[in-house]
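As stored in model-v4.cif (mmCIF, C-alpha atoms):
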data_query
loop_
_atom_site.label_atom_id
_atom_site.label_comp_id
_atom_site.auth_asym_id
_atom_site.auth_seq_id
_atom_site.Cartn_x
_atom_site.Cartn_y
_atom_site.Cartn_z
CA MET A 1197 0.00 0.00 0.00
CA THR A 1198 1.22 3.50 -0.77
CA PHE A 1199 1.10 6.09 1.96
CA ILE A 1200 1.26 9.70 0.94
CA GLU A 1201 2.39 12.25 3.45
CA ASP A 1202 2.14 15.84 2.31
CA SER A 1203 4.12 18.80 3.58
CA ASN A 1204 1.65 19.34 6.44
CA GLY A 1205 1.93 15.80 7.71
CA TYR A 1206 -1.55 14.52 6.79
CA ILE A 1207 -1.35 10.86 5.87
CA ALA A 1208 -3.78 9.48 3.32
CA THR A 1209 -3.72 6.37 1.19
CA ALA A 1210 -3.39 6.92 -2.55
CA GLY A 1211 -6.65 5.98 -4.21
CA GLY A 1212 -8.17 5.23 -0.82
CA ALA A 1213 -10.89 7.87 -0.98
CA ARG A 1214 -14.50 7.05 -1.71
CA VAL A 1215 -16.78 9.01 -4.02
CA GLU A 1216 -18.55 10.35 -0.91
CA ASP A 1217 -15.25 11.79 0.36
CA TYR A 1218 -14.76 13.78 -2.83
CA LEU A 1219 -18.37 14.98 -2.60
CA ALA A 1220 -17.76 16.05 1.02
CA LEU A 1221 -14.96 18.32 -0.27
CA LEU A 1222 -17.64 20.32 -2.10
CA LYS A 1223 -19.40 21.19 1.21
CA PRO A 1224 -22.87 19.97 0.14
CA ARG A 1225 -24.68 21.84 2.95
CA VAL A 1226 -23.18 25.20 1.94
CA MET A 1227 -23.87 24.25 -1.67
CA SER A 1228 -27.57 23.72 -0.92
CA LEU A 1229 -27.84 27.26 0.51
CA VAL A 1230 -25.99 28.63 -2.52
CA VAL A 1231 -28.34 26.80 -4.89
CA PHE A 1232 -31.39 28.04 -3.03
CA THR A 1233 -30.32 31.72 -3.03
CA ALA A 1234 -29.11 31.55 -6.65
CA ILE A 1235 -32.49 30.15 -7.77
CA THR A 1236 -34.15 33.09 -5.97
CA GLY A 1237 -31.94 35.58 -7.84
CA LEU A 1238 -32.66 33.82 -11.12
CA LEU A 1239 -36.43 33.86 -10.52
CA LEU A 1240 -36.58 37.46 -9.32
CA ALA A 1241 -34.68 38.85 -12.30
CA PRO A 1242 -36.84 40.59 -14.87
CA GLY A 1243 -37.19 38.85 -18.21
CA GLY A 1244 -37.00 35.17 -18.86
CA ILE A 1245 -34.44 32.46 -19.30
CA ASN A 1246 -34.75 29.14 -21.10
CA PRO A 1247 -35.48 26.58 -18.32
CA VAL A 1248 -32.68 24.28 -19.53
CA ILE A 1249 -30.19 27.17 -19.51
CA GLY A 1250 -31.51 28.16 -16.06
CA ILE A 1251 -30.89 24.65 -14.71
CA ILE A 1252 -27.38 24.60 -16.22
CA ALA A 1253 -26.68 28.04 -14.68
CA ILE A 1254 -27.74 26.84 -11.22
CA LEU A 1255 -25.66 23.68 -11.63
CA CYS A 1256 -22.62 25.80 -12.56
CA ILE A 1257 -23.10 28.09 -9.55
CA ALA A 1258 -23.41 25.02 -7.29
CA VAL A 1259 -20.29 23.35 -8.70
CA GLY A 1260 -18.39 26.66 -8.52
CA ALA A 1261 -19.35 26.99 -4.85
CA GLY A 1262 -18.27 23.37 -4.34
CA GLY A 1263 -14.94 24.09 -6.03
CA SER A 1264 -14.27 27.03 -3.72
CA GLY A 1265 -15.23 24.79 -0.76
CA ALA A 1266 -12.64 22.21 -1.86
CA LEU A 1267 -10.00 24.94 -2.20
CA ASN A 1268 -10.92 26.13 1.29
CA MET A 1269 -10.47 22.60 2.69
CA TRP A 1270 -7.17 22.23 0.82
CA TYR A 1271 -5.76 25.38 2.41
CA ASP A 1272 -7.39 25.09 5.85
CA ALA A 1273 -6.56 21.43 6.55
CA ASP A 1274 -4.26 22.44 9.45
CA ILE A 1275 -6.89 24.39 11.38
CA ASP A 1276 -9.70 21.99 10.40
CA ALA A 1277 -7.77 19.24 12.21
CA VAL A 1278 -7.84 21.24 15.46
CA MET A 1279 -11.52 22.19 15.58
CA SER A 1280 -14.09 19.57 16.68
CA ARG A 1281 -16.62 20.83 14.10
CA THR A 1282 -14.23 20.24 11.20
CA ALA A 1283 -11.86 17.50 12.40
CA ASN A 1284 -13.76 14.83 10.51
CA ARG A 1285 -13.46 16.56 7.13
CA PRO A 1286 -11.87 14.44 4.38
CA ILE A 1287 -8.31 15.84 4.62
CA PRO A 1288 -7.72 16.03 8.41
CA SER A 1289 -9.30 12.58 8.80
CA GLY A 1290 -6.86 11.21 6.20
CA ARG A 1291 -9.41 10.08 3.61
CA VAL A 1292 -8.31 12.48 0.88
CA THR A 1293 -4.88 13.98 0.16
CA ARG A 1294 -4.41 17.75 -0.05
CA GLY A 1295 -3.31 17.40 -3.66
CA GLU A 1296 -6.55 15.63 -4.56
CA ALA A 1297 -8.58 18.37 -2.85
CA LEU A 1298 -6.66 21.05 -4.77
CA ALA A 1299 -7.27 19.23 -8.06
CA VAL A 1300 -11.01 18.81 -7.34
CA GLY A 1301 -11.24 22.51 -6.39
CA LEU A 1302 -9.46 23.79 -9.49
CA ILE A 1303 -11.29 21.49 -11.91
CA CYS A 1304 -14.74 22.31 -10.48
CA SER A 1305 -13.97 26.04 -10.45
CA GLY A 1306 -12.62 26.11 -14.01
CA PHE A 1307 -15.40 24.04 -15.55
CA SER A 1308 -18.21 25.86 -13.71
CA VAL A 1309 -17.00 29.32 -14.80
CA GLY A 1310 -16.38 28.23 -18.39
CA ILE A 1311 -19.72 26.46 -18.83
CA LEU A 1312 -21.67 29.29 -17.13
CA GLY A 1313 -20.07 31.78 -19.55
CA LEU A 1314 -20.95 29.63 -22.56
CA ALA A 1315 -24.48 28.89 -21.33
CA THR A 1316 -25.53 32.36 -20.12
CA ASN A 1317 -23.21 35.35 -20.34
CA TRP A 1318 -19.74 36.39 -19.25
CA VAL A 1319 -20.97 38.88 -16.63
CA ALA A 1320 -22.47 35.99 -14.65
CA ALA A 1321 -19.36 33.85 -15.30
CA GLY A 1322 -17.10 36.75 -14.22
CA LEU A 1323 -19.09 37.15 -11.01
CA LEU A 1324 -18.79 33.42 -10.31
CA ALA A 1325 -15.03 33.52 -10.95
CA PHE A 1326 -14.70 36.53 -8.64
CA THR A 1327 -16.76 34.76 -5.94
CA ILE A 1328 -14.49 31.70 -6.06
CA PHE A 1329 -11.39 33.91 -5.97
CA PHE A 1330 -12.85 35.97 -3.10
CA TYR A 1331 -13.68 32.91 -0.99
CA ALA A 1332 -10.53 30.89 -1.69
CA VAL A 1333 -7.92 33.67 -1.76
CA ILE A 1334 -9.24 36.83 -0.06
CA TYR A 1335 -11.15 35.05 2.72
CA THR A 1336 -9.46 31.66 3.23
CA MET A 1337 -5.82 32.54 2.54
CA TRP A 1338 -5.76 36.10 3.81
CA LEU A 1339 -8.54 37.43 6.03
CA LYS A 1340 -9.56 34.33 7.99
CA ARG A 1341 -6.27 34.06 9.88
CA SER A 1342 -5.42 37.75 10.08
CA THR A 1343 -8.42 39.78 11.24
CA PRO A 1344 -11.45 39.36 13.52
CA GLN A 1345 -13.45 41.05 10.76
CA ASN A 1346 -12.80 37.93 8.61
CA ILE A 1347 -16.46 36.95 8.64
CA VAL A 1348 -17.71 40.42 7.69
CA ILE A 1349 -15.63 40.77 4.53
CA GLY A 1350 -15.50 37.05 3.77
CA GLY A 1351 -19.28 36.92 4.02
CA ALA A 1352 -19.42 38.67 0.66
CA ALA A 1353 -18.42 35.38 -1.00
CA GLY A 1354 -21.58 33.70 0.25
CA ALA A 1355 -23.67 36.72 -0.73
CA PHE A 1356 -22.83 36.67 -4.43
CA PRO A 1357 -24.91 33.64 -5.62
CA PRO A 1358 -28.27 35.50 -5.95
CA MET A 1359 -26.43 38.22 -7.89
CA ILE A 1360 -24.96 35.57 -10.19
CA GLY A 1361 -28.41 34.03 -10.67
CA TRP A 1362 -29.80 37.48 -11.49
CA ALA A 1363 -26.92 38.26 -13.88
CA ALA A 1364 -27.43 34.90 -15.62
CA VAL A 1365 -30.84 36.21 -16.74
CA THR A 1366 -30.21 39.91 -17.31
CA GLY A 1367 -26.46 40.06 -18.00
CA ASP A 1368 -26.09 42.97 -15.57
CA ILE A 1369 -25.98 44.02 -11.92
CA SER A 1370 -28.92 46.06 -10.64
CA LEU A 1371 -30.02 47.69 -7.37
CA ALA A 1372 -32.40 44.82 -6.64
CA SER A 1373 -29.65 42.21 -7.07
CA ILE A 1374 -27.42 44.29 -4.78
CA ALA A 1375 -30.27 44.25 -2.21
CA LEU A 1376 -30.26 40.42 -2.32
CA PHE A 1377 -26.47 40.51 -1.89
CA LEU A 1378 -26.82 42.86 1.11
CA ILE A 1379 -29.29 40.58 2.90
CA ILE A 1380 -26.84 37.65 2.93
CA PHE A 1381 -23.82 39.91 3.48
CA LEU A 1382 -25.36 41.47 6.62
CA TRP A 1383 -26.77 38.13 7.80
CA THR A 1384 -23.34 36.45 7.85
CA PRO A 1385 -21.73 38.28 10.84
CA PRO A 1386 -24.54 37.68 13.39
CA HIS A 1387 -24.85 34.08 12.16
CA PHE A 1388 -21.17 33.21 12.55
CA TRP A 1389 -20.51 35.31 15.64
CA ALA A 1390 -23.41 33.56 17.39
CA LEU A 1391 -21.65 30.26 16.53
CA ALA A 1392 -18.29 31.68 17.63
CA LEU A 1393 -19.76 32.73 21.00
CA TYR A 1394 -20.49 29.14 21.97
CA LYS A 1395 -17.54 27.59 20.09
CA GLN A 1396 -14.95 30.12 21.30
CA SER A 1397 -12.50 27.55 22.60
CA ASP A 1398 -12.47 25.76 19.24
CA TYR A 1399 -11.54 28.87 17.29
CA GLY A 1400 -9.07 29.90 19.98
CA ALA A 1401 -7.30 26.52 19.82
CA ALA A 1402 -7.07 26.80 16.02
CA GLY A 1403 -5.64 30.33 16.23
CA VAL A 1404 -8.48 31.79 14.15
CA PRO A 1405 -9.04 35.38 15.34
CA MET A 1406 -12.84 35.30 15.70
CA LEU A 1407 -14.36 38.41 17.27
CA PRO A 1408 -15.25 36.87 20.69
CA ASN A 1409 -11.65 35.72 21.19
CA VAL A 1410 -10.14 39.06 20.13
CA ALA A 1411 -12.59 41.77 21.20
CA GLY A 1412 -14.44 39.87 23.94
CA GLU A 1413 -18.00 38.68 24.38
CA ALA A 1414 -19.53 42.07 25.20
CA ALA A 1415 -18.20 43.73 22.03
CA THR A 1416 -19.32 40.73 19.96
CA LYS A 1417 -22.85 40.91 21.33
CA VAL A 1418 -23.05 44.65 20.52
CA GLN A 1419 -21.84 44.01 16.97
CA ILE A 1420 -24.31 41.13 16.54
CA LEU A 1421 -27.13 43.48 17.51
CA ALA A 1422 -25.83 46.25 15.21
CA TYR A 1423 -25.58 43.92 12.21
CA SER A 1424 -29.02 42.46 13.01
CA VAL A 1425 -30.54 45.97 12.83
CA LEU A 1426 -28.81 46.60 9.50
CA LEU A 1427 -29.91 43.16 8.24
CA VAL A 1428 -33.57 43.75 9.05
CA ALA A 1429 -33.39 47.21 7.43
CA ALA A 1430 -31.81 45.70 4.31
CA SER A 1431 -34.46 42.96 4.19
CA PHE A 1432 -37.05 45.68 3.40
CA ALA A 1433 -35.09 46.83 0.32
CA PRO A 1434 -36.59 44.31 -2.17
CA ALA A 1435 -40.09 45.48 -1.18
CA PHE A 1436 -39.15 49.18 -1.57
CA LEU A 1437 -37.54 48.46 -4.95
CA GLY A 1438 -40.82 46.91 -6.10
CA VAL A 1439 -39.39 43.44 -6.74
CA THR A 1440 -41.73 41.75 -4.27
CA GLY A 1441 -45.38 41.78 -3.27
CA TRP A 1442 -47.47 41.33 -0.13
CA ILE A 1443 -46.22 37.83 0.82
CA TYR A 1444 -42.67 39.04 1.34
CA GLY A 1445 -44.02 42.32 2.75
CA ILE A 1446 -45.60 40.38 5.63
CA ILE A 1447 -42.92 37.74 6.22
CA ALA A 1448 -39.85 40.03 6.21
CA PRO A 1449 -40.91 42.26 9.16
CA VAL A 1450 -42.28 39.33 11.22
CA THR A 1451 -39.16 37.16 10.90
CA GLY A 1452 -36.93 40.25 11.21
CA THR A 1453 -38.54 41.24 14.50
CA SER A 1454 -37.87 37.77 15.93
CA PHE A 1455 -34.25 38.05 14.78
CA LEU A 1456 -33.88 41.42 16.51
CA TYR A 1457 -35.53 40.09 19.68
CA LEU A 1458 -33.04 37.21 19.91
CA ALA A 1459 -30.09 39.53 19.21
CA TRP A 1460 -31.39 41.89 21.91
CA ARG A 1461 -31.77 39.03 24.42
CA LEU A 1462 -28.22 37.90 23.63
CA ARG A 1463 -26.97 41.45 24.21
CA ARG A 1464 -28.64 41.48 27.64
CA ALA A 1465 -27.48 37.98 28.69
CA ASP A 1466 -24.54 38.11 31.11
CA GLU A 1467 -24.58 34.69 32.75
CA PRO A 1468 -22.28 32.45 30.60
CA ARG A 1469 -24.64 29.45 30.33
CA THR A 1470 -27.65 31.62 29.44
CA MET A 1471 -25.54 33.55 26.96
CA LYS A 1472 -24.38 30.35 25.24
CA ARG A 1473 -27.94 29.01 25.14
CA ILE A 1474 -29.25 32.18 23.48
CA ALA A 1475 -26.25 32.29 21.11
CA ARG A 1476 -27.08 28.73 20.06
CA SER A 1477 -30.75 29.71 19.55
CA LEU A 1478 -29.74 32.74 17.48
CA PHE A 1479 -27.41 30.61 15.36
CA ALA A 1480 -30.19 28.09 14.67
CA TYR A 1481 -32.79 30.81 14.11
CA SER A 1482 -30.54 32.74 11.72
CA LEU A 1483 -30.33 29.64 9.49
CA SER A 1484 -34.10 29.31 9.29
CA TYR A 1485 -34.46 33.12 8.94
CA LEU A 1486 -32.39 33.22 5.74
CA PHE A 1487 -34.23 30.19 4.39
CA VAL A 1488 -37.67 31.70 5.12
CA ILE A 1489 -36.75 35.15 3.73
CA PHE A 1490 -35.52 33.72 0.43
CA LEU A 1491 -38.41 31.26 0.29
CA ALA A 1492 -40.80 34.22 0.70
CA LEU A 1493 -39.02 36.07 -2.13
CA MET A 1494 -39.35 32.99 -4.31
CA VAL A 1495 -43.01 32.29 -3.47
CA ASP A 1496 -43.87 35.96 -3.96
CA ARG A 1497 -42.29 35.94 -7.40
CA LEU A 1498 -44.00 32.68 -8.40
CA TRP A 1499 -47.29 34.19 -7.19
CA GLN A 1500 -46.70 37.16 -9.50
CA LEU A 1501 -45.66 34.96 -12.41
CA ALA A 1502 -48.81 32.85 -11.96
CA GLY A 1503 -50.80 36.06 -12.38
CA TRP A 1504 -52.42 35.88 -8.94
CA ALA A 1505 -50.97 39.19 -7.79
CA ALA A 1506 -53.31 42.15 -7.96
CA MET B 15 5.67 11.87 11.54
CA THR B 16 3.13 9.14 12.33
CA PRO B 17 4.83 5.72 12.59
CA VAL B 18 3.64 3.19 9.97
CA VAL B 19 2.88 -0.24 11.50
CA GLN B 20 3.49 -3.17 9.14
CA PRO B 21 0.23 -5.17 8.88
CA SER B 22 -0.03 -8.96 8.33
CA SER B 23 -0.18 -10.36 4.78
CA SER B 24 -3.92 -11.25 5.04
CA ALA B 25 -4.71 -7.73 6.24
CA VAL B 26 -2.69 -6.32 3.31
CA ALA B 27 -4.62 -8.50 0.83
CA GLU B 28 -7.93 -7.49 2.36
CA GLU B 29 -6.95 -3.81 2.29
CA ALA B 30 -5.84 -4.12 -1.34
CA GLU B 31 -9.18 -5.65 -2.26
CA ILE B 32 -11.08 -2.83 -0.52
CA ARG B 33 -8.90 -0.29 -2.31
CA ARG B 34 -9.47 -2.00 -5.68
CA ARG B 35 -13.24 -1.88 -5.13
CA ARG B 36 -13.06 1.81 -4.18
CA GLN B 37 -10.99 2.62 -7.24
CA ARG B 38 -13.52 0.78 -9.40
CA ARG B 39 -16.37 2.81 -7.89
CA ASN B 40 -14.39 6.02 -8.37
CA SER B 41 -13.70 5.11 -12.01
CA ILE B 42 -17.40 4.47 -12.62
CA ALA B 43 -18.29 7.79 -10.95
CA LEU B 44 -15.71 9.65 -13.06
CA GLY B 45 -17.06 7.95 -16.19
CA LEU B 46 -20.58 9.07 -15.28
CA VAL B 47 -19.37 12.65 -14.72
CA LEU B 48 -17.65 12.67 -18.12
CA GLY B 49 -20.75 11.20 -19.78
CA PHE B 50 -22.86 13.86 -18.09
CA LEU B 51 -20.52 16.58 -19.40
CA VAL B 52 -20.86 15.25 -22.95
CA LEU B 53 -24.66 15.26 -22.61
CA LEU B 54 -24.54 18.76 -21.07
CA PHE B 55 -22.56 20.21 -23.98
CA TYR B 56 -24.86 18.48 -26.46
CA VAL B 57 -28.06 19.80 -24.83
CA LEU B 58 -26.50 23.26 -24.38
CA THR B 59 -25.61 23.41 -28.07
CA ILE B 60 -29.11 22.36 -29.17
CA VAL B 61 -30.78 24.87 -26.82
CA LYS B 62 -28.43 27.68 -27.91
CA MET B 63 -29.28 26.96 -31.56
CA GLY B 64 -32.93 27.49 -30.67
CA PRO B 65 -35.99 26.34 -32.63
CA ALA B 66 -34.14 27.03 -35.89
CA VAL B 67 -32.31 23.73 -35.44
CA PHE B 68 -35.50 21.98 -36.60
CA THR B 69 -36.03 24.27 -39.59
CA THR B 70 -35.12 22.82 -42.96
CA ARG B 71 -34.22 25.20 -45.74
CA ASP B 72 -35.37 24.71 -49.33
CA LEU B 73 -32.42 24.54 -51.66
#

Can you turn what I pasted into C-alpha cells?
Amino acid sequence: MTFIEDSNGYIATAGGARVEDYLALLKPRVMSLVVFTAITGLLLAPGGINPVIGIIAILCIAVGAGGSGALNMWYDADIDAVMSRTANRPIPSGRVTRGEALAVGLICSGFSVGILGLATNWVAAGLLAFTIFFYAVIYTMWLKRSTPQNIVIGGAAGAFPPMIGWAAVTGDISLASIALFLIIFLWTPPHFWALALYKQSDYGAAGVPMLPNVAGEAATKVQILAYSVLLVAASFAPAFLGVTGWIYGIIAPVTGTSFLYLAWRLRRADEPRTMKRIARSLFAYSLSYLFVIFLALMVDRLWQLAGWAA
Amino acid sequence: MTPVVQPSSSAVAEEAEIRRRRQRRNSIALGLVLGFLVLLFYVLTIVKMGPAVFTTRDL
C-alpha cells in the first residue's frame, strides 16, 4: 500500500478515498444554501431564461461553490484538524490527500465558470469567478487568519450567488440584485458570531481570530445586535424596490422582529450558560431566517408569475 | 511523523481488495461525470441553436 504524506503531515492512502469523500470536499450543505439563493436571484430577475439554460446556470453556480469549498479545505486542513466541528473533514481525517482536494477545487472552479459563460453570459461567469477567488484567496488565505473582521468581509463570498443568478438572466448588476447581496452579506456576521460565541474555545485553539476571542464577548454581542438591525433594514429593500409583493411584505418584518428580539436578548445575557444558550438559539434561528426570507421572495415571485398578484 | 505499522499479509490483501473496489467505484463515478458533461454540452448546443435547429431550408 502507498502512503502519501504531504508537507503538512496529513497521511492518506493513494486511491483510498471514496466518491462520498470527494463529494464532502464540495461542502454539500453550503452548496444547498448557494443553490437556493441563486435560484431566488434567477427567478426574481426581470425577463426570462430558457429553463434548460436556467438549470445549467444553477448547476454551474453550485459546482463553482463546491470548487471554492474544496480549495478552502485544501488550504485550511491544518486548522480543520484542530476544531471539533471540522476534524472529521476528508483531509484532516486522512481520507483524501491535499493534492486531490486542490485538483477537485481547481477542476470544479474552471469548468463551472467556463460552462456558465458559454451557457448564459460572461458577466455571470465573471461574477462566479470573482466569488471563487474571493472565498478561496481573499477570505481563506488572507482574512480568515489575520483579522477578527474575517467573517464580515468574507461573508461577501456567500452573498454573491443571488447576484450571479440574477446576472445569468439579465447580464447585468442592478439595485435589486445588490439588495439580495446585502441581505446575505449582513446576515453572515450575526450568524457566525453567534456560533463563535459558543464555540470560542475551538476557534481559539485553532488560532483563528474570531471576534469573541479578540474583542471579547460584550463587544461581539453589541456588533451582533448592530448587524441584526442593518440586516432587518436591508431585508425591506426588495419590497421598496418593487421586486416583491405582499407575501414578502408580511414575512420580512415578522421574521426580522424575531431576529432582533433574539439579538437583543443575547446582548442582555450576562450569565455564561444563558448567553451560550441564546447564542445557540440565534445561530439556529438565523439559518431558518435566511431560508424563510428567500423562500418568501421565491413564493412571492412565483405568485406574480402565476398572475395571482393584484 | 506518524509511525507506519506493518500489517499482516492477510490484512494487506484485504486492504488491497477494498482499495481495488473503491478505485472501481471512483472510475465508474468519473465515467458518469464525463458522460454527463458530454450530454450537457450536447443539450446546451441544441438549446443555444434554438428552434431554428429543426427548420429545414429549401435549396

Local residues around (-24.1, 42.4, 21.7), at most 9 Å away, using only C-alpha atoms, as a list in words: Glu1413, Ala1414, Ala1415, Thr1416, Lys1417, Val1418, Gln1419, Ile1420, Leu1421, Ala1422, Ala1459, Trp1460, Arg1461, Leu1462, Arg1463, Arg1464 and Ala1465 of chain A

How about saving the chosen residues, C-alpha atoms kept, as a PDB file, in the frame of the given file?
ATOM      1  CA  GLU A1413     -18.000  38.680  24.380  1.00  0.00           C
ATOM      2  CA  ALA A1414     -19.530  42.070  25.200  1.00  0.00           C
ATOM      3  CA  ALA A1415     -18.200  43.730  22.030  1.00  0.00           C
ATOM      4  CA  THR A1416     -19.320  40.730  19.960  1.00  0.00           C
ATOM      5  CA  LYS A1417     -22.850  40.910  21.330  1.00  0.00           C
ATOM      6  CA  VAL A1418     -23.050  44.650  20.520  1.00  0.00           C
ATOM      7  CA  GLN A1419     -21.840  44.010  16.970  1.00  0.00           C
ATOM      8  CA  ILE A1420     -24.310  41.130  16.540  1.00  0.00           C
ATOM      9  CA  LEU A1421     -27.130  43.480  17.510  1.00  0.00           C
ATOM     10  CA  ALA A1422     -25.830  46.250  15.210  1.00  0.00           C
ATOM     11  CA  ALA A1459     -30.090  39.530  19.210  1.00  0.00           C
ATOM     12  CA  TRP A1460     -31.390  41.890  21.910  1.00  0.00           C
ATOM     13  CA  ARG A1461     -31.770  39.030  24.420  1.00  0.00           C
ATOM     14  CA  LEU A1462     -28.220  37.900  23.630  1.00  0.00           C
ATOM     15  CA  ARG A1463     -26.970  41.450  24.210  1.00  0.00           C
ATOM     16  CA  ARG A1464     -28.640  41.480  27.640  1.00  0.00           C
ATOM     17  CA  ALA A1465     -27.480  37.980  28.690  1.00  0.00           C
TER      18      ALA A1465
END

Target residues per the PyMOL selection byres ((chain A and resi 1437) around 12), formatted as a ChimeraX atom specification: /A:1240,1370-1376,1430-1436,1438-1441,1445

Residue members of the PyMOL selection byres ((chain B) within 7 of (chain A)) in the file shown, as a ChimeraX atom specification: /B:15,33,36-37,40,58

Given the PyMOL selection byres ((chain A and resi 1473) around 12) and the file above, list the residues it selects as a PDB file with C-alpha atoms, keeping the file's coordinate frame.
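And here's result-v6.pdb as it stands now:
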ATOM      1  CA  ALA A1390     -23.410  33.560  17.390  1.00  0.00           C
ATOM      2  CA  LEU A1391     -21.650  30.260  16.530  1.00  0.00           C
ATOM      3  CA  LEU A1393     -19.760  32.730  21.000  1.00  0.00           C
ATOM      4  CA  TYR A1394     -20.490  29.140  21.970  1.00  0.00           C
ATOM      5  CA  LYS A1395     -17.540  27.590  20.090  1.00  0.00           C
ATOM      6  CA  LEU A1458     -33.040  37.210  19.910  1.00  0.00           C
ATOM      7  CA  ARG A1461     -31.770  39.030  24.420  1.00  0.00           C
ATOM      8  CA  LEU A1462     -28.220  37.900  23.630  1.00  0.00           C
ATOM      9  CA  ALA A1465     -27.480  37.980  28.690  1.00  0.00           C
ATOM     10  CA  ASP A1466     -24.540  38.110  31.110  1.00  0.00           C
ATOM     11  CA  GLU A1467     -24.580  34.690  32.750  1.00  0.00           C
ATOM     12  CA  PRO A1468     -22.280  32.450  30.600  1.00  0.00           C
ATOM     13  CA  ARG A1469     -24.640  29.450  30.330  1.00  0.00           C
ATOM     14  CA  THR A1470     -27.650  31.620  29.440  1.00  0.00           C
ATOM     15  CA  MET A1471     -25.540  33.550  26.960  1.00  0.00           C
ATOM     16  CA  LYS A1472     -24.380  30.350  25.240  1.00  0.00           C
ATOM     17  CA  ILE A1474     -29.250  32.180  23.480  1.00  0.00           C
ATOM     18  CA  ALA A1475     -26.250  32.290  21.110  1.00  0.00           C
ATOM     19  CA  ARG A1476     -27.080  28.730  20.060  1.00  0.00           C
ATOM     20  CA  SER A1477     -30.750  29.710  19.550  1.00  0.00           C
ATOM     21  CA  LEU A1478     -29.740  32.740  17.480  1.00  0.00           C
ATOM     22  CA  PHE A1479     -27.410  30.610  15.360  1.00  0.00           C
ATOM     23  CA  ALA A1480     -30.190  28.090  14.670  1.00  0.00           C
TER      24      ALA A1480
END

Distance criterion (only C-alpha atoms): nearest to Pro1286 (chain A) out of A:Ile1347, A:Phe1329, A:Gln1500, A:Asp1217: A:Asp1217

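Our summary of the geometry notes that CA of Gly1350 (chain A) is positioned 27.9 Å from CA of Val1450 (chain A).
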
Name the residues in contact with Asp1276 (chain A) at a cut-off of 12 Å, using all atoms listed in the file, excluding same-chain residues fewer than 3 positions from it; report them as a compact mmCIF listing (two decimals) with C-alpha atoms, keeping the file's coordinate frame.
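Ended up saving to out_0.txt:
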# COMPACT_ATOMS: atom_id res chain seq x y z
CA TYR A 1206 -1.55 14.52 6.79
CA ASN A 1268 -10.92 26.13 1.29
CA MET A 1269 -10.47 22.60 2.69
CA TRP A 1270 -7.17 22.23 0.82
CA TYR A 1271 -5.76 25.38 2.41
CA ASP A 1272 -7.39 25.09 5.85
CA ALA A 1273 -6.56 21.43 6.55
CA MET A 1279 -11.52 22.19 15.58
CA SER A 1280 -14.09 19.57 16.68
CA ARG A 1281 -16.62 20.83 14.10
CA THR A 1282 -14.23 20.24 11.20
CA ALA A 1283 -11.86 17.50 12.40
CA ASN A 1284 -13.76 14.83 10.51
CA ARG A 1285 -13.46 16.56 7.13
CA PRO A 1286 -11.87 14.44 4.38
CA ILE A 1287 -8.31 15.84 4.62
CA PRO A 1288 -7.72 16.03 8.41
CA SER A 1289 -9.30 12.58 8.80
CA GLY A 1290 -6.86 11.21 6.20
CA ASP A 1398 -12.47 25.76 19.24
CA TYR A 1399 -11.54 28.87 17.29
CA ALA A 1401 -7.30 26.52 19.82
CA ALA A 1402 -7.07 26.80 16.02
CA GLY A 1403 -5.64 30.33 16.23
CA VAL A 1404 -8.48 31.79 14.15

Please define a box with edges along x, y and z of the file around all atoms of region 61-68 of chain B given in the file, extend it by 3 Å on each side, and return its centre and edge lengths in Å to one decimal, as AutoDock Vina command-line options.
--center_x -32.2 --center_y 24.8 --center_z -31.7 --size_x 13.6 --size_y 11.7 --size_z 15.8

Point-to-point distance from CA of Ala1448 (chain A) to CA of Thr1236 (chain A), Å rounded to tenths: 15.1 Å

Residues near Ser1482 (chain A), cut-off 8 Å, all atoms listed in the file, skip fewer than 2 positions along chain, as a list of chain:residue names: A:Trp1383, A:Pro1386, A:His1387, A:Phe1455, A:Leu1478, A:Phe1479, A:Ala1480, A:Ser1484, A:Tyr1485, A:Leu1486

Between CA of Asn1409 (chain A) and CA of Lys1340 (chain A) - distance in Å to one decimal: 13.4 Å

Please complete region 47-56 of chain B so it has N, CA and C atoms, and hand it over as an mmCIF file, in the frame of the given file.
data_model
loop_
_atom_site.group_PDB
_atom_site.id
_atom_site.type_symbol
_atom_site.label_atom_id
_atom_site.label_comp_id
_atom_site.auth_asym_id
_atom_site.auth_seq_id
_atom_site.Cartn_x
_atom_site.Cartn_y
_atom_site.Cartn_z
ATOM 1 N N VAL B 47 -19.543 11.183 -14.662
ATOM 2 C CA VAL B 47 -19.370 12.650 -14.720
ATOM 3 C C VAL B 47 -18.992 13.072 -16.137
ATOM 4 N N LEU B 48 -18.076 12.339 -16.749
ATOM 5 C CA LEU B 48 -17.650 12.670 -18.120
ATOM 6 C C LEU B 48 -18.811 12.510 -19.101
ATOM 7 N N GLY B 49 -19.578 11.413 -18.929
ATOM 8 C CA GLY B 49 -20.750 11.200 -19.780
ATOM 9 C C GLY B 49 -21.760 12.321 -19.616
ATOM 10 N N PHE B 50 -21.937 12.762 -18.375
ATOM 11 C CA PHE B 50 -22.860 13.860 -18.090
ATOM 12 C C PHE B 50 -22.389 15.144 -18.779
ATOM 13 N N LEU B 51 -21.070 15.379 -18.751
ATOM 14 C CA LEU B 51 -20.520 16.580 -19.400
ATOM 15 C C LEU B 51 -20.772 16.570 -20.910
ATOM 16 N N VAL B 52 -20.600 15.382 -21.511
ATOM 17 C CA VAL B 52 -20.860 15.250 -22.950
ATOM 18 C C VAL B 52 -22.322 15.593 -23.241
ATOM 19 N N LEU B 53 -23.221 15.014 -22.437
ATOM 20 C CA LEU B 53 -24.660 15.260 -22.610
ATOM 21 C C LEU B 53 -24.972 16.753 -22.390
ATOM 22 N N LEU B 54 -24.321 17.342 -21.392
ATOM 23 C CA LEU B 54 -24.540 18.760 -21.070
ATOM 24 C C LEU B 54 -24.174 19.653 -22.248
ATOM 25 N N PHE B 55 -23.001 19.399 -22.832
ATOM 26 C CA PHE B 55 -22.560 20.210 -23.980
ATOM 27 C C PHE B 55 -23.481 20.002 -25.185
ATOM 28 N N TYR B 56 -23.957 18.773 -25.353
ATOM 29 C CA TYR B 56 -24.860 18.480 -26.460
ATOM 30 C C TYR B 56 -26.171 19.253 -26.293
#
